[in-house]
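Asks: For reference, the file query-v9.txt (compact mmCIF, C-alpha atoms) is included below:
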```
# COMPACT_ATOMS: atom_id res chain seq x y z
CA MET A 67 -18.49 -24.30 -26.99
CA MET A 68 -20.23 -21.18 -25.73
CA ARG A 69 -21.64 -23.07 -22.74
CA THR A 70 -18.14 -24.26 -21.84
CA ILE A 71 -16.76 -20.72 -22.01
CA MET A 72 -19.61 -19.38 -19.88
CA LEU A 73 -19.11 -22.19 -17.34
CA ALA A 74 -15.37 -21.47 -17.16
CA ALA A 75 -16.09 -17.75 -16.72
CA LEU A 76 -18.58 -18.48 -13.93
CA ILE A 77 -16.16 -20.79 -12.13
CA GLY A 78 -13.37 -18.22 -12.43
CA LEU A 79 -15.65 -15.49 -11.10
CA LEU A 80 -16.73 -17.60 -8.13
CA TRP A 81 -13.10 -18.52 -7.40
CA CYS A 82 -12.20 -14.82 -7.11
CA PHE A 83 -14.72 -14.25 -4.33
CA THR A 84 -14.00 -17.35 -2.23
CA GLY A 85 -10.66 -16.24 -0.70
CA ASP A 86 -10.07 -15.35 2.92
CA SER A 87 -10.93 -11.80 3.85
CA GLU A 88 -8.25 -9.63 5.44
CA ALA A 89 -10.15 -6.38 5.16
CA GLN A 90 -11.03 -6.35 8.85
CA PRO A 91 -7.83 -7.20 10.71
CA GLY A 92 -8.17 -8.61 14.20
CA PRO A 93 -7.40 -6.56 17.28
CA GLN A 94 -3.75 -5.71 17.61
CA ASN A 95 -1.71 -6.20 20.77
CA GLY A 96 -4.24 -8.54 22.38
CA GLY A 97 -3.42 -8.48 26.09
CA LYS A 98 -0.12 -6.69 25.63
CA PRO A 99 0.62 -3.50 27.54
CA GLN A 100 -0.23 -0.43 25.54
CA GLY A 101 2.66 1.89 24.91
CA PHE A 102 5.27 2.72 22.36
CA VAL A 103 8.61 1.02 22.10
CA LEU A 104 11.45 3.50 21.59
CA TRP A 105 9.17 6.53 21.76
CA PRO A 106 11.35 9.59 21.03
CA ARG A 107 11.56 12.35 23.63
CA GLU A 108 13.04 15.21 21.64
CA VAL A 109 14.62 15.84 18.27
CA SER A 110 17.00 18.62 17.22
CA GLY A 111 17.44 20.21 13.82
CA TYR A 112 20.38 22.28 12.62
CA ARG A 113 20.67 24.84 9.82
CA LYS A 114 22.17 28.24 9.17
CA SER A 115 18.86 29.98 9.92
CA VAL A 116 16.30 29.46 12.67
CA GLU A 117 13.52 28.74 10.13
CA GLY A 118 15.70 26.14 8.41
CA ALA A 119 16.60 24.55 11.74
CA GLU A 120 12.90 24.36 12.66
CA LYS A 121 12.07 22.70 9.32
CA ASP A 122 14.98 20.26 9.75
CA ALA A 123 13.79 19.38 13.27
CA ILE A 124 10.27 18.62 11.99
CA GLU A 125 11.64 16.45 9.16
CA LYS A 126 13.86 14.54 11.59
CA ALA A 127 10.94 14.16 14.02
CA LEU A 128 8.79 12.65 11.25
CA ALA A 129 11.58 10.23 10.31
CA ARG A 130 12.08 9.19 13.96
CA LEU A 131 8.33 8.77 14.38
CA VAL A 132 8.05 6.51 11.31
CA ASP A 133 10.96 4.42 12.61
CA CYS A 134 9.25 4.19 15.99
CA LEU A 135 5.94 3.09 14.44
CA LYS A 136 7.72 0.41 12.39
CA SER A 137 9.43 -0.98 15.50
CA GLN A 138 6.15 -1.65 17.35
CA ASP A 139 4.71 -5.14 17.83
CA PRO A 140 2.90 -5.45 15.46
CA PRO A 141 4.45 -2.74 13.32
CA LEU A 142 2.32 0.17 12.16
CA GLU A 143 3.51 0.31 8.55
CA SER A 144 0.44 1.26 6.53
CA TRP A 145 -0.13 4.72 7.99
CA HIS A 146 2.51 7.43 8.09
CA PRO A 147 1.75 10.67 9.93
CA ASP A 148 2.14 13.94 8.09
CA GLU A 149 3.55 17.20 9.38
CA ALA A 150 0.14 18.60 10.38
CA TYR A 151 -0.74 15.51 12.44
CA LEU A 152 2.68 15.57 14.06
CA LYS A 153 2.39 19.22 15.10
CA LYS A 154 -1.21 18.94 16.28
CA ASN A 155 -1.20 15.62 18.13
CA LEU A 156 2.31 14.44 18.92
CA LEU A 157 4.52 17.44 19.66
CA ASP A 158 4.46 19.29 22.95
CA GLY A 159 4.32 22.82 21.54
CA PRO A 160 6.05 24.34 18.52
CA GLY A 161 9.54 23.75 19.91
CA GLU A 162 12.25 26.12 21.03
CA GLN A 163 15.53 27.44 19.83
CA GLY A 164 18.42 25.31 20.99
CA LYS A 165 22.01 26.18 21.70
CA ASP A 166 23.76 27.65 18.67
CA PHE A 167 27.27 26.54 17.81
CA GLU A 168 30.05 27.32 15.37
CA LEU A 169 31.73 24.75 13.15
CA ASP A 170 34.56 25.65 10.75
CA GLY A 171 33.73 29.34 11.00
CA VAL A 172 30.03 28.80 10.15
CA LYS A 173 27.39 29.61 12.76
CA TRP A 174 24.70 26.96 13.03
CA LYS A 175 21.28 27.52 14.59
CA ALA A 176 19.54 24.74 16.50
CA TRP A 177 15.84 24.01 17.01
CA VAL A 178 14.52 21.43 19.48
CA VAL A 179 11.06 19.86 19.32
CA THR A 180 9.74 17.77 22.21
CA PHE A 181 7.30 14.89 21.87
CA LYS A 182 4.34 14.43 24.22
CA ASP A 183 4.87 11.80 26.88
CA SER A 184 1.61 9.94 26.21
CA PRO A 185 0.41 9.97 22.59
CA ASN A 186 -3.02 8.67 21.62
CA TRP A 187 -2.04 5.06 20.91
CA SER A 188 -5.54 3.84 20.02
CA GLU A 189 -6.04 6.63 17.47
CA MET A 190 -2.79 5.72 15.71
CA ILE A 191 -3.78 2.04 15.61
CA GLN A 192 -7.16 3.01 14.18
CA LEU A 193 -5.53 5.21 11.51
CA ASN A 194 -3.16 2.34 10.64
CA GLN A 195 -6.06 -0.11 10.32
CA THR A 196 -7.94 2.34 8.09
CA ALA A 197 -4.88 2.63 5.86
CA GLN A 198 -4.59 -1.19 5.78
CA ARG A 199 -8.22 -1.45 4.67
CA ARG A 200 -7.59 1.05 1.87
CA GLU A 201 -4.53 -0.89 0.67
CA ILE A 202 -6.39 -4.21 0.70
CA SER A 203 -9.36 -2.63 -1.05
CA ALA A 204 -7.10 -1.24 -3.77
CA GLU A 205 -5.45 -4.65 -4.22
CA ARG A 206 -8.83 -6.33 -4.54
CA GLN A 207 -10.09 -3.79 -7.04
CA THR A 208 -6.95 -4.25 -9.12
CA MET A 209 -7.36 -8.03 -9.02
CA ALA A 210 -11.02 -7.72 -10.01
CA GLY A 211 -9.97 -5.53 -12.94
CA TYR A 212 -7.45 -8.13 -14.08
CA VAL A 213 -10.01 -10.93 -13.78
CA LEU A 214 -12.56 -8.90 -15.72
CA ALA A 215 -10.01 -8.18 -18.45
CA VAL A 216 -9.09 -11.87 -18.71
CA LEU A 217 -12.73 -12.94 -18.85
CA THR A 218 -13.46 -10.34 -21.52
CA ALA A 219 -10.45 -11.51 -23.53
CA LEU A 220 -11.54 -15.15 -23.22
CA LEU A 221 -15.08 -14.32 -24.31
CA ALA A 222 -13.74 -12.28 -27.24
CA LEU A 223 -11.44 -15.15 -28.18
CA GLY A 224 -14.34 -17.62 -28.06
CA TRP A 225 -16.53 -15.32 -30.13
CA GLY A 226 -13.71 -14.80 -32.64
CA TYR A 227 -13.12 -18.55 -32.82
CA LEU A 228 -16.78 -19.20 -33.59
CA ARG A 229 -16.96 -16.38 -36.16
CA LEU A 230 -13.77 -17.50 -37.93
CA ASP A 231 -14.85 -21.13 -37.92
CA GLY A 232 -18.25 -20.16 -39.34
CA TRP A 233 -16.68 -17.88 -41.92
CA THR A 234 -14.41 -20.67 -43.20
CA ASN A 235 -17.30 -23.20 -43.09
CA GLY A 236 -15.31 -25.47 -40.78
CA ARG A 237 -12.45 -26.05 -43.25
CA PHE A 238 -9.73 -24.75 -40.90
CA THR A 239 -11.17 -25.80 -37.55
CA ARG A 240 -7.95 -27.39 -36.31
CA TRP A 241 -5.81 -24.42 -37.38
CA VAL A 242 -8.22 -21.99 -35.76
CA CYS A 243 -8.11 -24.11 -32.59
CA VAL A 244 -4.30 -24.12 -32.63
CA LEU A 245 -4.30 -20.32 -33.14
CA ALA A 246 -6.69 -19.81 -30.20
CA ALA A 247 -4.58 -22.09 -27.97
CA ALA A 248 -1.43 -20.22 -28.98
CA ILE A 249 -3.02 -16.86 -28.14
CA VAL A 250 -4.14 -18.14 -24.72
CA GLY A 251 -0.69 -19.68 -24.09
CA LEU A 252 1.17 -16.50 -25.03
CA ALA A 253 -1.15 -14.39 -22.88
CA GLY A 254 -0.61 -16.75 -19.92
CA LEU A 255 3.15 -16.73 -20.43
CA GLY A 256 3.15 -12.93 -20.59
CA TRP A 257 1.17 -12.74 -17.37
CA LEU A 258 3.49 -15.17 -15.58
CA THR A 259 6.64 -13.34 -16.65
CA SER A 260 5.25 -9.93 -15.72
CA ASN A 261 4.70 -11.03 -12.10
```
Kindly transcribe the structure held in the file into C-alpha cells.

Replies:
Amino acid sequence: MMRTIMLAALIGLLWCFTGDSEAQPGPQNGGKPQGFVLWPREVSGYRKSVEGAEKDAIEKALARLVDCLKSQDPPLESWHPDEAYLKKNLLDGPGEQGKDFELDGVKWKAWVVTFKDSPNWSEMIQLNQTAQRREISAERQTMAGYVLAVLTALLALGWGYLRLDGWTNGRFTRWVCVLAAAIVGLAGLGWLTSN
C-alpha cells in the first residue's frame, strides 16, 4: 500500500513539472511597426483649486494611459504605470494651468498635462513582460503549494489508514477503506466546487 501511495505521489509530482512553460513569452509585435495606437496627446483636469485640477489631470492621464496600453496589439495588461513613472518618463513637463471657466456660479480651475510624442516603447514592453513573469511565477508557486498540500494529505490519509487497520487488527478493513475513499471523494468534490 505504501509503495502505491509513493508511486502515485511521484507520478503526480512529475505531472506538475511537465506542462508548457509560458514564463518567457516570445517577442511581441514581430515585424509590426513600433508605435502606440491611440496615444494621448494631452489631458485636462478640472477642480475648484489649481492643486486639485493638477491632481485630477494626473489621475485622468493615468486612466487614459492604461486604456491606451490595453488597446495595443498585443495588449500590455500586466504592467500598469504609476504616477512617478508617468511624470518622469511619459509627460512633457509638469503641465500648465489651462483656461478657467465658470459653471453655475462656481469658478473651476483647469490644468493641462501633455504627453511626450515618442515614449520609450521597448521599455514599456520589457516592464510588461517582467510583470507577466511575476504573475506566472506566482501562479506556479500557488499551484505547487496546492499540489504539496494534496500530497501531504494523501500521505497522511495512507498513514492513518495503515495505523487504524493495524490498531483494529484488520477487523474493519473494508470500513476503513470506505472511510478513506469517502474522505478523498469529499476533498475532491470540495476542490472541484471551489474552482

Asks: Between A:Tyr151, A:Met209, A:Leu128, A:Tyr227, which one has atoms that come closest to Arg240 in chain A, using all atoms listed in the file?

Replies: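 The shortest atom-to-atom distance to Arg240 in chain A comes from A:Tyr227.
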
Asks: Hey, which of A:Leu142, A:Leu230, A:Leu156, A:Leu220 ends up closest to Thr196 in chain A? Count all atoms listed in the file.

Replies: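 When distances to Thr196 in chain A are compared using all atoms listed in the file, the smallest one comes from A:Leu142.
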
Asks: CA of Trp241 in chain A and CA of Val213 in chain A, how far apart in Å?

Replies: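 These two atoms are separated by 27.5 Å.
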
Asks: Do you know which residues are at most 12 Å from Ala210 in chain A counting all atoms listed in the file, after dropping those on the same chain fewer than 2 positions away, and could you put them as a ChimeraX atom specification?

Replies: /A:78-83,203-208,212-217

Asks: Near Glu162 in chain A, within 9 Å and counting all atoms listed in the file, which residues show up once chain neighbours fewer than 6 positions away are dropped, as JSON, numbers by chain?

Replies: {"A": [120, 176, 177, 178, 179, 180]}

Asks: Using only C-alpha atoms, which of the listed residues (A:Lys153, A:Lys173, A:Arg229, A:Arg237) sits closest to Glu125 in chain A?

Replies: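 Among the listed residues, the smallest separation from Glu125 in chain A belongs to A:Lys153.
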
Asks: So how many Å separate CA of Asp122 in chain A and CA of Val109 in chain A, to one decimal?

Replies: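 Calculated distance between CA of Asp122 in chain A and CA of Val109 in chain A is 9.6 Å.
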
Asks: In terms of the shortest atom-to-atom distance over only C-alpha atoms, which of A:Ile77, A:Ser184, A:Lys114, A:Ala246 is closest to Gly171 in chain A?

Replies: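 Distance minimum relative to Gly171 in chain A lands on A:Lys114.
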
Asks: So how far away is CA of Ser144 in chain A from CA of Arg199 in chain A, in Å?

Replies: 9.3 Å

Asks: Could you check which of A:Trp225, A:Trp257, A:Phe238, A:Tyr112 is closest to Gly164 in chain A, using only C-alpha atoms?

Replies: A:Tyr112

Asks: Considering only C-alpha atoms, can you say which of A:Pro140, A:Ser115, A:Leu245, A:Pro106 comes closest to Leu157 in chain A?

Replies: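 Nearest candidate to Leu157 in chain A out of A:Pro140, A:Ser115, A:Leu245, A:Pro106: A:Pro106.
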